[in-house]
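These notes are about the structure you will find just below.
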Amino acid sequence: MHGADGGGTPGAMFRSFMSEALQEARAAADLGEVPVGAVITRGDAILARAGNRTRTDNDPTAHAEVLAIRAACAALGQDRLPGCVIWVTLEPCAMCAQAISHARLARLHFGASDPKSGGVLHGARVFSHAQCHHVPEVHDGLEAEACADLLRRFFETRR
């Protein structure tokens, strides 16, 4: 696991797509959804983007990561996403971490940690299990404060 440097090879140019993931999270919040956004890229191209839609779609699996994975696979016409990167505003839950593993995404960048429901650095720690067939590079803390602030403000309005 790595820090918020964004990863890549040493000295390589690094472009973050977290601002696009934050746009998706804000759009989800506007719909009354928990503000989590995800973007999947290959190189400098965005293949898919999504925000949470569990309430909108009446689907408990309609997390931003799962929706983005489905859309990226459809865009490429394949069932796996090797060489692709997912950018998520919140540490993926165990379900989403498994989906990231099954999709064979090369890297995961996420913003805010989720000590309560996270499945990567907290909770289930999906990628650390021997049964996990594919482990992406993980880079946490990217624009963490902006990601956490969006979630904090959303939940303050509902308490």
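Going through the structure tokens in order, the chains are called A, B, and so on, while each chain numbers its residues from 1 and the ligands are numbered from 1 in the order shown.
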Show me, as JSON lines, the residues of range 39-129 of chain A having an atom within 12 Å of range 15-22 of chain A, each with the closest atom pair and its distance in Å, using only C-alpha atoms.
```
{"residue": "A:Val39", "atom": "CA", "partner": "A:Ala21", "partner_atom": "CA", "distance": 5.4}
{"residue": "A:Ile40", "atom": "CA", "partner": "A:Phe17", "partner_atom": "CA", "distance": 8.7}
{"residue": "A:Thr41", "atom": "CA", "partner": "A:Phe17", "partner_atom": "CA", "distance": 8.2}
{"residue": "A:Arg42", "atom": "CA", "partner": "A:Phe17", "partner_atom": "CA", "distance": 11.0}
{"residue": "A:Gly43", "atom": "CA", "partner": "A:Arg15", "partner_atom": "CA", "distance": 9.4}
{"residue": "A:Asp44", "atom": "CA", "partner": "A:Arg15", "partner_atom": "CA", "distance": 7.8}
{"residue": "A:Ala45", "atom": "CA", "partner": "A:Phe17", "partner_atom": "CA", "distance": 9.9}
{"residue": "A:Ile46", "atom": "CA", "partner": "A:Phe17", "partner_atom": "CA", "distance": 8.6}
{"residue": "A:Leu47", "atom": "CA", "partner": "A:Phe17", "partner_atom": "CA", "distance": 11.6}
{"residue": "A:Ala48", "atom": "CA", "partner": "A:Ala21", "partner_atom": "CA", "distance": 10.3}
{"residue": "A:Arg49", "atom": "CA", "partner": "A:Ala21", "partner_atom": "CA", "distance": 7.3}
{"residue": "A:Ala50", "atom": "CA", "partner": "A:Ala21", "partner_atom": "CA", "distance": 7.8}
{"residue": "A:Gly51", "atom": "CA", "partner": "A:Ala21", "partner_atom": "CA", "distance": 8.0}
{"residue": "A:Asn52", "atom": "CA", "partner": "A:Ala21", "partner_atom": "CA", "distance": 11.0}
{"residue": "A:Ala64", "atom": "CA", "partner": "A:Ala21", "partner_atom": "CA", "distance": 9.4}
{"residue": "A:Glu65", "atom": "CA", "partner": "A:Ala21", "partner_atom": "CA", "distance": 10.3}
{"residue": "A:Ala68", "atom": "CA", "partner": "A:Ala21", "partner_atom": "CA", "distance": 10.5}
{"residue": "A:Val85", "atom": "CA", "partner": "A:Phe17", "partner_atom": "CA", "distance": 9.7}
{"residue": "A:Ile86", "atom": "CA", "partner": "A:Phe17", "partner_atom": "CA", "distance": 9.0}
{"residue": "A:Trp87", "atom": "CA", "partner": "A:Met18", "partner_atom": "CA", "distance": 6.0}
{"residue": "A:Val88", "atom": "CA", "partner": "A:Ala21", "partner_atom": "CA", "distance": 6.1}
{"residue": "A:Thr89", "atom": "CA", "partner": "A:Ala21", "partner_atom": "CA", "distance": 6.2}
{"residue": "A:Leu90", "atom": "CA", "partner": "A:Ala21", "partner_atom": "CA", "distance": 9.8}
{"residue": "A:Leu108", "atom": "CA", "partner": "A:Met18", "partner_atom": "CA", "distance": 11.2}
{"residue": "A:His109", "atom": "CA", "partner": "A:Met18", "partner_atom": "CA", "distance": 8.2}
{"residue": "A:Phe110", "atom": "CA", "partner": "A:Met18", "partner_atom": "CA", "distance": 8.0}
{"residue": "A:Gly111", "atom": "CA", "partner": "A:Met18", "partner_atom": "CA", "distance": 7.8}
{"residue": "A:Ala112", "atom": "CA", "partner": "A:Met18", "partner_atom": "CA", "distance": 11.2}
```
Please save C-alpha atoms of the selected residues as a short mmCIF file (atom, residue, chain, number, x, y, z; two decimals), in the first residue's frame.
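Result file is selection-v2.cif:
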```cif
data_model
loop_
_atom_site.label_atom_id
_atom_site.label_comp_id
_atom_site.auth_asym_id
_atom_site.auth_seq_id
_atom_site.Cartn_x
_atom_site.Cartn_y
_atom_site.Cartn_z
CA VAL A 39 -13.88 7.02 -12.32
CA ILE A 40 -12.08 4.34 -14.33
CA THR A 41 -9.24 5.34 -16.61
CA ARG A 42 -6.84 3.78 -19.05
CA GLY A 43 -3.91 6.06 -19.72
CA ASP A 44 -5.31 9.59 -19.89
CA ALA A 45 -8.74 8.45 -21.09
CA ILE A 46 -11.78 8.18 -18.86
CA LEU A 47 -13.60 4.94 -19.67
CA ALA A 48 -16.40 5.24 -17.13
CA ARG A 49 -17.66 7.38 -14.29
CA ALA A 50 -20.40 6.88 -11.74
CA GLY A 51 -21.76 7.99 -8.41
CA ASN A 52 -23.68 5.94 -5.88
CA ALA A 64 -20.16 3.92 -7.55
CA GLU A 65 -17.31 1.41 -8.01
CA ALA A 68 -18.16 2.26 -13.02
CA VAL A 85 -7.12 2.39 -12.85
CA ILE A 86 -10.04 3.17 -10.56
CA TRP A 87 -10.29 6.45 -8.66
CA VAL A 88 -12.76 6.48 -5.75
CA THR A 89 -13.57 9.19 -3.24
CA LEU A 90 -14.01 6.76 -0.33
CA LEU A 108 -6.88 1.71 -6.92
CA HIS A 109 -6.61 5.33 -5.81
CA PHE A 110 -8.96 6.42 -3.06
CA GLY A 111 -9.47 9.58 -1.06
CA ALA A 112 -11.02 9.26 2.39
#
```
Residue neighbourhood range 132-139 of chain A, 12 Å, only C-alpha atoms, exclusion window fewer than 6 positions, as a PyMOL selection string: chain A and resi 1-9+16+18+80-92+94+97-113+120-121+124-126
Run DSSP on the backbone and grab whatever in chain A lands in alpha helix (DSSP H); send it over as a PyMOL selection string. chain A and resi 18-30+64-76+94-102+144-156
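Each of A:Thr157, A:Ser117, A:Thr54, A:Gln131 was compared to Cys93 in chain A using only C-alpha atoms, and A:Ser117 turns out to be the nearest.
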From a DSSP pass on the backbone, collect the residues of range 36-118 of chain A flagged as strand (DSSP E) and hand them back as a ChimeraX atom specification. /A:37-42,45-51,85-90,107-112
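Taking CA of Ala25 in chain A and CA of Gly123 in chain A as the two end points, the separation is 22.6 Å.
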Here CA of Leu31 in chain A and CA of Asp57 in chain A stand apart by 11.2 Å
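Distances here use only C-alpha atoms; by that measure, the residue among A:Asp140, A:Met95, A:Arg55, A:Gly118 closest to Val34 in chain A is A:Arg55.
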Exercise: Val66 in chain A partners within 8 Å, only C-alpha atoms, chain neighbours under 4 positions left out, as a tab-separated table (two decimals) with N, CA, C and O atoms, in the first residue's frame:
```tsv
chain	number	residue	atom	x	y	z
A	61	THR	N	-26.47	-3.03	-4.60
A	61	THR	CA	-25.15	-3.21	-5.21
A	61	THR	C	-24.76	-2.03	-6.10
A	61	THR	O	-23.68	-2.05	-6.70
A	62	ALA	N	-25.59	-1.02	-6.20
A	62	ALA	CA	-25.33	0.11	-7.11
A	62	ALA	C	-24.38	1.12	-6.48
A	62	ALA	O	-24.63	2.33	-6.49
A	70	ARG	N	-18.93	-1.87	-14.30
A	70	ARG	CA	-19.88	-2.36	-15.31
A	70	ARG	C	-19.80	-1.53	-16.59
A	70	ARG	O	-19.76	-2.07	-17.70
A	96	CYS	N	-17.11	-3.92	-2.94
A	96	CYS	CA	-16.46	-3.20	-4.03
A	96	CYS	C	-15.01	-3.62	-4.19
A	96	CYS	O	-14.50	-3.70	-5.31
A	99	ALA	N	-15.08	-6.68	-6.17
A	99	ALA	CA	-15.37	-6.37	-7.57
A	99	ALA	C	-14.12	-5.82	-8.26
A	99	ALA	O	-13.83	-6.18	-9.42
```
